[in-house]
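target18.pdb (PDB, C-alpha atoms and all ligand atoms)
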```
ATOM      1  CA  MET A   1      13.018 -10.615   6.924
ATOM      2  CA  THR A   2      15.681  -8.120   8.007
ATOM      3  CA  GLY A   3      17.598  -6.734   5.040
ATOM      4  CA  VAL A   4      14.804  -7.800   2.715
ATOM      5  CA  THR A   5      15.224  -6.613  -0.880
ATOM      6  CA  SER A   6      12.659  -5.342  -3.356
ATOM      7  CA  ASP A   7      13.138  -8.535  -5.392
ATOM      8  CA  ASP A   8      12.504 -10.689  -2.287
ATOM      9  CA  ILE A   9       9.156  -8.972  -1.768
ATOM     10  CA  LEU A  10       8.104  -9.096  -5.424
ATOM     11  CA  ASP A  11       9.114 -12.783  -5.656
ATOM     12  CA  ARG A  12       6.936 -13.428  -2.612
ATOM     13  CA  PHE A  13       4.015 -11.617  -4.263
ATOM     14  CA  ARG A  14       4.496 -13.602  -7.497
ATOM     15  CA  ARG A  15       4.755 -16.937  -5.664
ATOM     16  CA  ILE A  16       1.478 -16.288  -3.865
ATOM     17  CA  GLY A  17      -0.212 -15.052  -7.072
ATOM     18  CA  ALA A  18      -0.558 -11.514  -5.741
ATOM     19  CA  LEU A  19       1.473 -10.091  -8.640
ATOM     20  CA  LEU A  20       0.588 -11.269 -12.129
ATOM     21  CA  ASP A  21       2.440 -10.424 -15.348
ATOM     22  CA  GLY A  22       0.511 -10.246 -18.617
ATOM     23  CA  HIS A  23      -2.149  -7.930 -20.054
ATOM     24  CA  PHE A  24      -4.981  -6.947 -17.740
ATOM     25  CA  ARG A  25      -8.141  -4.895 -17.808
ATOM     26  CA  LEU A  26      -8.278  -3.215 -14.392
ATOM     27  CA  THR A  27     -11.451  -2.244 -12.524
ATOM     28  CA  SER A  28     -10.800   1.334 -13.677
ATOM     29  CA  GLY A  29     -11.079   0.171 -17.301
ATOM     30  CA  LEU A  30      -7.400   0.907 -17.910
ATOM     31  CA  HIS A  31      -5.050  -1.767 -19.278
ATOM     32  CA  SER A  32      -1.787  -2.757 -17.570
ATOM     33  CA  PRO A  33       1.020  -5.315 -18.030
ATOM     34  CA  GLY A  34       0.796  -6.129 -14.314
ATOM     35  CA  TYR A  35      -1.838  -6.789 -11.709
ATOM     36  CA  MET A  36      -1.228  -6.559  -7.974
ATOM     37  CA  GLN A  37      -3.527  -7.665  -5.153
ATOM     38  CA  SER A  38      -1.741  -7.339  -1.831
ATOM     39  CA  ALA A  39      -4.657  -8.856   0.110
ATOM     40  CA  LEU A  40      -3.573 -12.227  -1.292
ATOM     41  CA  VAL A  41      -0.272 -11.861   0.582
ATOM     42  CA  LEU A  42      -1.800 -10.341   3.696
ATOM     43  CA  GLN A  43      -4.363 -13.157   4.002
ATOM     44  CA  TYR A  44      -1.491 -15.177   5.495
ATOM     45  CA  PRO A  45      -0.877 -13.777   8.983
ATOM     46  CA  ARG A  46       2.768 -14.886   8.981
ATOM     47  CA  GLU A  47       3.381 -13.039   5.681
ATOM     48  CA  ALA A  48       1.619  -9.959   7.014
ATOM     49  CA  GLU A  49       3.622 -10.093  10.230
ATOM     50  CA  ALA A  50       6.905 -10.458   8.316
ATOM     51  CA  CYS A  51       6.077  -7.492   6.066
ATOM     52  CA  GLY A  52       5.158  -5.436   9.130
ATOM     53  CA  ALA A  53       8.420  -6.310  10.855
ATOM     54  CA  ALA A  54      10.433  -5.439   7.728
ATOM     55  CA  ILE A  55       8.736  -2.032   7.457
ATOM     56  CA  ALA A  56       9.247  -1.431  11.178
ATOM     57  CA  ALA A  57      12.963  -2.150  10.754
ATOM     58  CA  GLN A  58      13.170   0.625   8.134
ATOM     59  CA  VAL A  59      11.135   3.252   9.998
ATOM     60  CA  GLY A  60      12.236   2.724  13.600
ATOM     61  CA  TYR A  61      14.407   5.869  13.479
ATOM     62  CA  LEU A  62      11.268   7.989  12.964
ATOM     63  CA  ALA A  63      10.169   7.183  16.535
ATOM     64  CA  ALA A  64       6.495   7.069  15.592
ATOM     65  CA  GLN A  65       4.017   6.900  18.475
ATOM     66  CA  VAL A  66       1.025   5.737  16.442
ATOM     67  CA  VAL A  67       0.401   4.127  13.044
ATOM     68  CA  LEU A  68      -2.444   5.500  10.931
ATOM     69  CA  SER A  69      -3.713   3.624   7.868
ATOM     70  CA  PRO A  70      -6.480   4.197   5.329
ATOM     71  CA  ALA A  71      -9.229   1.546   5.362
ATOM     72  CA  LEU A  72      -9.532  -1.056   4.074
ATOM     73  CA  GLY A  73      -6.283  -1.786   2.262
ATOM     74  CA  GLY A  74      -3.983  -0.388   4.936
ATOM     75  CA  ILE A  75      -5.568  -1.896   8.037
ATOM     76  CA  VAL A  76      -3.856  -5.294   8.144
ATOM     77  CA  ILE A  77      -0.353  -4.052   7.364
ATOM     78  CA  GLY A  78      -0.818  -1.015   9.637
ATOM     79  CA  HIS A  79      -1.735  -3.362  12.473
ATOM     80  CA  GLU A  80       1.400  -5.456  11.864
ATOM     81  CA  VAL A  81       3.686  -2.409  11.701
ATOM     82  CA  GLY A  82       2.134  -1.201  14.949
ATOM     83  CA  ARG A  83       2.740  -4.602  16.506
ATOM     84  CA  ALA A  84       6.402  -4.581  15.452
ATOM     85  CA  LEU A  85       6.936  -0.999  16.656
ATOM     86  CA  GLY A  86       5.009  -1.574  19.874
ATOM     87  CA  VAL A  87       2.622   1.337  19.220
ATOM     88  CA  ARG A  88      -1.108   1.819  18.537
ATOM     89  CA  ALA A  89      -2.445   1.145  15.057
ATOM     90  CA  ILE A  90      -5.578   3.056  14.066
ATOM     91  CA  PHE A  91      -7.291   3.668  10.750
ATOM     92  CA  ALA A  92      -9.187   6.319   8.859
ATOM     93  CA  GLU A  93     -12.211   5.364   6.763
ATOM     94  CA  ARG A  94     -14.435   7.011   4.212
ATOM     95  CA  GLN A  95     -17.498   8.870   5.370
ATOM     96  CA  ASP A  96     -19.438  10.738   2.679
ATOM     97  CA  GLY A  97     -16.460  10.240   0.371
ATOM     98  CA  ARG A  98     -13.846  11.753   2.710
ATOM     99  CA  LEU A  99     -11.352   9.955   4.957
ATOM    100  CA  ALA A 100     -12.050  10.539   8.640
ATOM    101  CA  LEU A 101     -11.233   9.141  12.072
ATOM    102  CA  ARG A 102     -14.233   7.285  13.479
ATOM    103  CA  ARG A 103     -14.927   4.690  16.190
ATOM    104  CA  GLY A 104     -13.505   6.968  18.880
ATOM    105  CA  PHE A 105      -9.976   6.950  17.418
ATOM    106  CA  THR A 106      -8.045  10.072  18.401
ATOM    107  CA  MET A 107      -4.547  11.489  18.150
ATOM    108  CA  THR A 108      -3.096  13.983  20.571
ATOM    109  CA  ALA A 109      -1.534  17.285  19.527
ATOM    110  CA  GLY A 110       2.034  16.721  18.404
ATOM    111  CA  GLU A 111       1.736  12.935  18.476
ATOM    112  CA  ARG A 112       4.235  11.367  16.061
ATOM    113  CA  VAL A 113       2.302   9.559  13.329
ATOM    114  CA  LEU A 114       3.502   7.073  10.734
ATOM    115  CA  VAL A 115       1.094   6.599   7.804
ATOM    116  CA  VAL A 116       1.125   2.998   6.537
ATOM    117  CA  GLU A 117      -0.454   1.614   3.363
ATOM    118  CA  ASP A 118      -0.277  -1.699   1.557
ATOM    119  CA  VAL A 119       0.387  -0.333  -1.934
ATOM    120  CA  VAL A 120       1.044   3.254  -2.992
ATOM    121  CA  THR A 121       0.019   3.921  -6.577
ATOM    122  CA  THR A 122      -0.346   7.669  -7.122
ATOM    123  CA  GLY A 123       0.094   8.599  -3.456
ATOM    124  CA  GLY A 124      -3.382  10.141  -3.388
ATOM    125  CA  SER A 125      -4.811   8.151  -0.496
ATOM    126  CA  THR A 126      -1.513   8.436   1.408
ATOM    127  CA  ARG A 127      -1.648  12.220   1.101
ATOM    128  CA  GLU A 128      -5.279  12.192   2.176
ATOM    129  CA  THR A 129      -4.370  10.103   5.243
ATOM    130  CA  ILE A 130      -1.536  12.505   6.072
ATOM    131  CA  ASP A 131      -4.084  15.341   5.958
ATOM    132  CA  VAL A 132      -6.349  13.474   8.419
ATOM    133  CA  ALA A 133      -3.483  13.224  10.913
ATOM    134  CA  ARG A 134      -2.492  16.877  10.516
ATOM    135  CA  ALA A 135      -6.092  18.007  10.885
ATOM    136  CA  ALA A 136      -6.099  16.174  14.226
ATOM    137  CA  GLY A 137      -3.034  18.190  15.287
ATOM    138  CA  ALA A 138      -0.614  15.281  15.027
ATOM    139  CA  GLU A 139       2.855  15.398  13.479
ATOM    140  CA  VAL A 140       3.334  13.125  10.465
ATOM    141  CA  VAL A 141       6.915  11.845  10.730
ATOM    142  CA  GLY A 142       6.798   9.591   7.672
ATOM    143  CA  ALA A 143       4.923   7.176   5.454
ATOM    144  CA  ALA A 144       5.541   3.560   4.499
ATOM    145  CA  ALA A 145       4.122   0.863   2.252
ATOM    146  CA  ILE A 146       4.829  -2.707   1.274
ATOM    147  CA  VAL A 147       4.955  -1.785  -2.403
ATOM    148  CA  ASP A 148       5.487   1.512  -4.194
ATOM    149  CA  ARG A 149       4.018   0.885  -7.632
ATOM    150  CA  SER A 150       4.474   4.444  -8.810
ATOM    151  CA  GLY A 151       8.022   3.443  -9.727
ATOM    152  CA  GLY A 152       9.253   5.887  -7.095
ATOM    153  CA  HIS A 153       7.469   8.895  -8.594
ATOM    154  CA  GLN A 154       5.062   9.821  -5.805
ATOM    155  CA  GLU A 155       5.807  13.026  -3.903
ATOM    156  CA  LEU A 156       4.559  12.972  -0.329
ATOM    157  CA  GLY A 157       6.643  15.647   1.356
ATOM    158  CA  VAL A 158       7.552  13.319   4.261
ATOM    159  CA  PRO A 159      10.154  10.516   4.523
ATOM    160  CA  PHE A 160       8.783   7.527   2.601
ATOM    161  CA  HIS A 161       9.864   3.893   2.776
ATOM    162  CA  ALA A 162       8.621   0.975   0.684
ATOM    163  CA  LEU A 163       9.810  -2.628   0.884
ATOM    164  CA  ALA A 164       9.533  -2.961  -2.893
ATOM    165  CA  THR A 165       9.310  -0.614  -5.853
ATOM    166  CA  ILE A 166       7.793  -1.569  -9.175
ATOM    167  CA  ALA A 167       6.563   0.498 -12.115
ATOM    168  CA  LEU A 168       3.278  -0.854 -13.419
ATOM    169  CA  PRO A 169       2.113   1.460 -16.195
ATOM    170  CA  THR A 170      -1.554   1.804 -17.091
ATOM    171  CA  TYR A 171      -2.925   2.638 -20.535
ATOM    172  CA  GLN A 172      -6.166   3.827 -22.033
ATOM    173  CA  PRO A 173      -7.387   0.851 -24.097
ATOM    174  CA  ASP A 174      -7.246   2.765 -27.387
ATOM    175  CA  ILE A 175      -3.506   3.485 -26.984
ATOM    176  CA  CYS A 176      -2.511   0.277 -25.140
ATOM    177  CA  PRO A 177       0.707  -1.118 -26.696
ATOM    178  CA  LEU A 178      -0.232  -4.640 -25.530
ATOM    179  CA  CYS A 179      -3.528  -4.412 -27.431
ATOM    180  CA  ALA A 180      -1.599  -3.067 -30.420
ATOM    181  CA  ALA A 181       0.653  -6.132 -30.207
ATOM    182  CA  GLY A 182      -2.439  -8.351 -30.373
ATOM    183  CA  ILE A 183      -2.021  -9.822 -26.883
ATOM    184  CA  PRO A 184      -5.392 -10.968 -25.467
ATOM    185  CA  VAL A 185      -6.553  -8.885 -22.493
ATOM    186  CA  VAL A 186      -7.540 -10.679 -19.280
ATOM    187  CA  LYS A 187      -9.745  -9.571 -16.396
ATOM    188  CA  PRO A 188      -7.743 -10.129 -13.165
ATOM    189  CA  GLY A 189      -8.951 -13.103 -11.176
ATOM    190  CA  SER A 190     -10.479 -14.829 -14.168
ATOM    191  CA  ARG A 191      -7.462 -17.077 -14.591
ATOM    192  CA  ALA A 192      -6.148 -17.287 -11.037
TER     193      ALA A 192
HETATM  194 ZN    ZN A 201      -4.538  -3.491 -23.710
END
```
Please express what this file holds, its structure, as structure tokens.
Ligand SMILES: [Zn+2]
Amino acid sequence: MTGVTSDDILDRFRRIGALLDGHFRLTSGLHSPGYMQSALVLQYPREAEACGAAIAAQVGYLAAQVVLSPALGGIVIGHEVGRALGVRAIFAERQDGRLALRRGFTMTAGERVLVVEDVVTTGGSTRETIDVARAAGAEVVGAAAIVDRSGGHQELGVPFHALATIALPTYQPDICPLCAAGIPVVKPGSRA
């Protein structure tokens, strides 16, 4: 998957049913013309491995010494990026609502950390994961994801690489243009 394009990745998501086009009511209650569930791609170890290798090919120059991912969504792809880079892959998880390192995971002062996620939407959890690494004294050298669904609008303050970029807008139901057009709204998964 060297030289993989954004369209290659999105086609792969669509083929597996991990990216649906239509009119969806998301868990948040917001409406969107697209629904993405990366776990449906990552359930196939060969797909996960290929995505990890493709990310590793883009971020090798950062010379990361450890991959840090937010649980749960980032764990599988973080593991595969770590495998491809030949470095440790650890994860942060929520404890009392805040991301933290648990299970004895540590980072040493100045250790070069790459933060890896499956999908970046607003960048909020990526930023939070970056903060976990910095609080541990590590140096965050970059961040990466399979898909950037902010349309390229997140601002992380570190080099960021995504295999694919897609803008998937969300709307409050009362101002949703798809509702206004009379298109029936679907709960994701109900037609899969
Ligand atoms: Zn709608």
* To do: Considering all atoms listed in the file, state which residue in the set A:Gly60, A:Gly34, A:Gly151, A:Gly97 is at the smallest distance from ligand ZN 201 (chain A).
  =>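 Using all atoms listed in the file, ligand ZN 201 (chain A) sits closest to A:Gly34.
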* To do: Can you turn the PyMOL selection byres (((chain A and resi 71) around 10) and not hetatm) into a concrete residue list for this file, as a ChimeraX atom specification?
  => /A:68-70,72-76,78,90-94,99-100,117,125,129
* Around the point (8.8, 5.3, 15.3) in the file's coordinates, collect all residues with an atom within 10 Å, using all atoms listed in the file, and return them as a list in words. => Ala56, Ala57, Gln58, Val59, Gly60, Tyr61, Leu62, Ala63, Ala64, Gln65, Val66, Val67, Val81, Gly82, Leu85, Gly86, Val87, Arg112, Val113, Leu114, Val141 and Gly142 of chain A
For the contact check between chain A and ligand ZN 201 (chain A), emit one row per residue of chain A within 12 Å, containing the shortest atom pair and the distance in Å rounded to one decimal, counting only C-alpha atoms and all ligand atoms, chain then rising number order, as CSV.
```
residue,atom,partner,partner_atom,distance
A:Gly22,CA,A:ZN201,ZN,9.9
A:His23,CA,A:ZN201,ZN,6.2
A:Phe24,CA,A:ZN201,ZN,6.9
A:Arg25,CA,A:ZN201,ZN,7.1
A:Leu26,CA,A:ZN201,ZN,10.0
A:Gly29,CA,A:ZN201,ZN,9.9
A:Leu30,CA,A:ZN201,ZN,7.8
A:His31,CA,A:ZN201,ZN,4.8
A:Ser32,CA,A:ZN201,ZN,6.8
A:Pro33,CA,A:ZN201,ZN,8.2
A:Gly34,CA,A:ZN201,ZN,11.1
A:Pro169,CA,A:ZN201,ZN,11.2
A:Thr170,CA,A:ZN201,ZN,9.0
A:Tyr171,CA,A:ZN201,ZN,7.1
A:Gln172,CA,A:ZN201,ZN,7.7
A:Pro173,CA,A:ZN201,ZN,5.2
A:Asp174,CA,A:ZN201,ZN,7.7
A:Ile175,CA,A:ZN201,ZN,7.8
A:Cys176,CA,A:ZN201,ZN,4.5
A:Pro177,CA,A:ZN201,ZN,6.5
A:Leu178,CA,A:ZN201,ZN,4.8
A:Cys179,CA,A:ZN201,ZN,4.0
A:Ala180,CA,A:ZN201,ZN,7.3
A:Ala181,CA,A:ZN201,ZN,8.7
A:Gly182,CA,A:ZN201,ZN,8.5
A:Ile183,CA,A:ZN201,ZN,7.5
A:Pro184,CA,A:ZN201,ZN,7.7
A:Val185,CA,A:ZN201,ZN,5.9
A:Val186,CA,A:ZN201,ZN,9.0
A:Lys187,CA,A:ZN201,ZN,10.8
```
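The interatomic distance for the pair atom CA of Ile130 of chain A and atom CA of Phe160 of chain A works out to 12.0 Å.
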* For atom CA of Phe13 of chain A and atom CA of Thr121 of chain A, determine how far apart the two atoms are, in Å to one decimal place. => 16.2 Å
* Asked: What is the distance, in Å and to one decimal place, between atom CA of Ala53 of chain A and atom CA of Arg149 of chain A?
  -> 20.3 Å
Repair of segment 96-107 of chain A at the level of all heavy atoms, as a PDB file, in the coordinates of the input:
```
ATOM      1  N   ASP A  96     -18.987   9.767   3.687  1.00  0.00           N
ATOM      2  CA  ASP A  96     -19.438  10.738   2.679  1.00  0.00           C
ATOM      3  C   ASP A  96     -18.291  11.084   1.723  1.00  0.00           C
ATOM      4  O   ASP A  96     -18.107  12.246   1.350  1.00  0.00           O
ATOM      5  CB  ASP A  96     -19.978  12.006   3.342  1.00  0.00           C
ATOM      6  CG  ASP A  96     -21.129  11.707   4.297  1.00  0.00           C
ATOM      7  OD1 ASP A  96     -21.923  10.791   3.983  1.00  0.00           O
ATOM      8  OD2 ASP A  96     -21.210  12.349   5.358  1.00  0.00           O
ATOM      9  N   GLY A  97     -17.504  10.057   1.371  1.00  0.00           N
ATOM     10  CA  GLY A  97     -16.460  10.240   0.371  1.00  0.00           C
ATOM     11  C   GLY A  97     -15.138  10.772   0.902  1.00  0.00           C
ATOM     12  O   GLY A  97     -14.161  10.818   0.166  1.00  0.00           O
ATOM     13  N   ARG A  98     -15.088  11.197   2.175  1.00  0.00           N
ATOM     14  CA  ARG A  98     -13.846  11.753   2.710  1.00  0.00           C
ATOM     15  C   ARG A  98     -13.304  10.857   3.820  1.00  0.00           C
ATOM     16  O   ARG A  98     -14.066  10.306   4.616  1.00  0.00           O
ATOM     17  CB  ARG A  98     -14.083  13.154   3.265  1.00  0.00           C
ATOM     18  CG  ARG A  98     -14.541  14.143   2.208  1.00  0.00           C
ATOM     19  CD  ARG A  98     -14.617  15.559   2.782  1.00  0.00           C
ATOM     20  NE  ARG A  98     -13.328  16.003   3.300  1.00  0.00           N
ATOM     21  CZ  ARG A  98     -13.186  16.693   4.428  1.00  0.00           C
ATOM     22  NH1 ARG A  98     -14.235  16.973   5.177  1.00  0.00           N
ATOM     23  NH2 ARG A  98     -11.989  17.086   4.826  1.00  0.00           N
ATOM     24  N   LEU A  99     -11.966  10.743   3.888  1.00  0.00           N
ATOM     25  CA  LEU A  99     -11.352   9.955   4.957  1.00  0.00           C
ATOM     26  C   LEU A  99     -11.510  10.685   6.279  1.00  0.00           C
ATOM     27  O   LEU A  99     -11.306  11.906   6.358  1.00  0.00           O
ATOM     28  CB  LEU A  99      -9.861   9.744   4.682  1.00  0.00           C
ATOM     29  CG  LEU A  99      -9.446   8.556   3.819  1.00  0.00           C
ATOM     30  CD1 LEU A  99      -7.921   8.494   3.755  1.00  0.00           C
ATOM     31  CD2 LEU A  99     -10.011   7.252   4.327  1.00  0.00           C
ATOM     32  N   ALA A 100     -11.857   9.929   7.316  1.00  0.00           N
ATOM     33  CA  ALA A 100     -12.050  10.539   8.640  1.00  0.00           C
ATOM     34  C   ALA A 100     -11.730   9.518   9.717  1.00  0.00           C
ATOM     35  O   ALA A 100     -11.763   8.304   9.488  1.00  0.00           O
ATOM     36  CB  ALA A 100     -13.497  11.014   8.789  1.00  0.00           C
ATOM     37  N   LEU A 101     -11.400  10.012  10.905  1.00  0.00           N
ATOM     38  CA  LEU A 101     -11.233   9.141  12.072  1.00  0.00           C
ATOM     39  C   LEU A 101     -12.616   8.884  12.654  1.00  0.00           C
ATOM     40  O   LEU A 101     -13.375   9.825  12.881  1.00  0.00           O
ATOM     41  CB  LEU A 101     -10.349   9.806  13.131  1.00  0.00           C
ATOM     42  CG  LEU A 101      -8.871   9.962  12.800  1.00  0.00           C
ATOM     43  CD1 LEU A 101      -8.171  10.682  13.943  1.00  0.00           C
ATOM     44  CD2 LEU A 101      -8.230   8.607  12.552  1.00  0.00           C
ATOM     45  N   ARG A 102     -12.944   7.639  12.894  1.00  0.00           N
ATOM     46  CA  ARG A 102     -14.233   7.285  13.479  1.00  0.00           C
ATOM     47  C   ARG A 102     -13.976   6.334  14.647  1.00  0.00           C
ATOM     48  O   ARG A 102     -12.852   6.147  15.073  1.00  0.00           O
ATOM     49  CB  ARG A 102     -15.141   6.639  12.424  1.00  0.00           C
ATOM     50  CG  ARG A 102     -15.389   7.558  11.228  1.00  0.00           C
ATOM     51  CD  ARG A 102     -16.264   6.920  10.184  1.00  0.00           C
ATOM     52  NE  ARG A 102     -17.624   6.693  10.689  1.00  0.00           N
ATOM     53  CZ  ARG A 102     -18.565   6.006  10.021  1.00  0.00           C
ATOM     54  NH1 ARG A 102     -18.283   5.494   8.835  1.00  0.00           N
ATOM     55  NH2 ARG A 102     -19.766   5.833  10.529  1.00  0.00           N
ATOM     56  N   ARG A 103     -15.032   5.734  15.158  1.00  0.00           N
ATOM     57  CA  ARG A 103     -14.927   4.690  16.190  1.00  0.00           C
ATOM     58  C   ARG A 103     -14.244   5.174  17.467  1.00  0.00           C
ATOM     59  O   ARG A 103     -13.726   4.379  18.250  1.00  0.00           O
ATOM     60  CB  ARG A 103     -14.161   3.468  15.655  1.00  0.00           C
ATOM     61  CG  ARG A 103     -14.791   2.915  14.403  1.00  0.00           C
ATOM     62  CD  ARG A 103     -13.945   1.865  13.747  1.00  0.00           C
ATOM     63  NE  ARG A 103     -14.429   1.618  12.400  1.00  0.00           N
ATOM     64  CZ  ARG A 103     -15.369   0.737  12.111  1.00  0.00           C
ATOM     65  NH1 ARG A 103     -15.902  -0.015  13.048  1.00  0.00           N
ATOM     66  NH2 ARG A 103     -15.782   0.572  10.877  1.00  0.00           N
ATOM     67  N   GLY A 104     -14.154   6.473  17.667  1.00  0.00           N
ATOM     68  CA  GLY A 104     -13.505   6.968  18.880  1.00  0.00           C
ATOM     69  C   GLY A 104     -11.994   7.081  18.781  1.00  0.00           C
ATOM     70  O   GLY A 104     -11.326   7.429  19.762  1.00  0.00           O
ATOM     71  N   PHE A 105     -11.428   6.794  17.591  1.00  0.00           N
ATOM     72  CA  PHE A 105      -9.976   6.950  17.418  1.00  0.00           C
ATOM     73  C   PHE A 105      -9.608   8.426  17.542  1.00  0.00           C
ATOM     74  O   PHE A 105     -10.261   9.292  16.948  1.00  0.00           O
ATOM     75  CB  PHE A 105      -9.538   6.471  16.030  1.00  0.00           C
ATOM     76  CG  PHE A 105      -9.561   4.980  15.851  1.00  0.00           C
ATOM     77  CD1 PHE A 105      -9.851   4.437  14.596  1.00  0.00           C
ATOM     78  CD2 PHE A 105      -9.273   4.111  16.892  1.00  0.00           C
ATOM     79  CE1 PHE A 105      -9.859   3.061  14.398  1.00  0.00           C
ATOM     80  CE2 PHE A 105      -9.277   2.733  16.701  1.00  0.00           C
ATOM     81  CZ  PHE A 105      -9.574   2.209  15.448  1.00  0.00           C
ATOM     82  N   THR A 106      -8.532   8.700  18.290  1.00  0.00           N
ATOM     83  CA  THR A 106      -8.045  10.072  18.401  1.00  0.00           C
ATOM     84  C   THR A 106      -6.523  10.081  18.340  1.00  0.00           C
ATOM     85  O   THR A 106      -5.869   9.054  18.531  1.00  0.00           O
ATOM     86  CB  THR A 106      -8.446  10.712  19.756  1.00  0.00           C
ATOM     87  OG1 THR A 106      -7.953   9.886  20.819  1.00  0.00           O
ATOM     88  CG2 THR A 106      -9.958  10.861  19.883  1.00  0.00           C
ATOM     89  N   MET A 107      -5.986  11.253  18.049  1.00  0.00           N
ATOM     90  CA  MET A 107      -4.547  11.489  18.150  1.00  0.00           C
ATOM     91  C   MET A 107      -4.364  12.754  18.959  1.00  0.00           C
ATOM     92  O   MET A 107      -5.160  13.693  18.840  1.00  0.00           O
ATOM     93  CB  MET A 107      -3.931  11.643  16.752  1.00  0.00           C
ATOM     94  CG  MET A 107      -3.805  10.311  16.021  1.00  0.00           C
ATOM     95  SD  MET A 107      -3.216  10.519  14.330  1.00  0.00           S
ATOM     96  CE  MET A 107      -4.722  11.097  13.579  1.00  0.00           C
TER      97      MET A 107
END
```
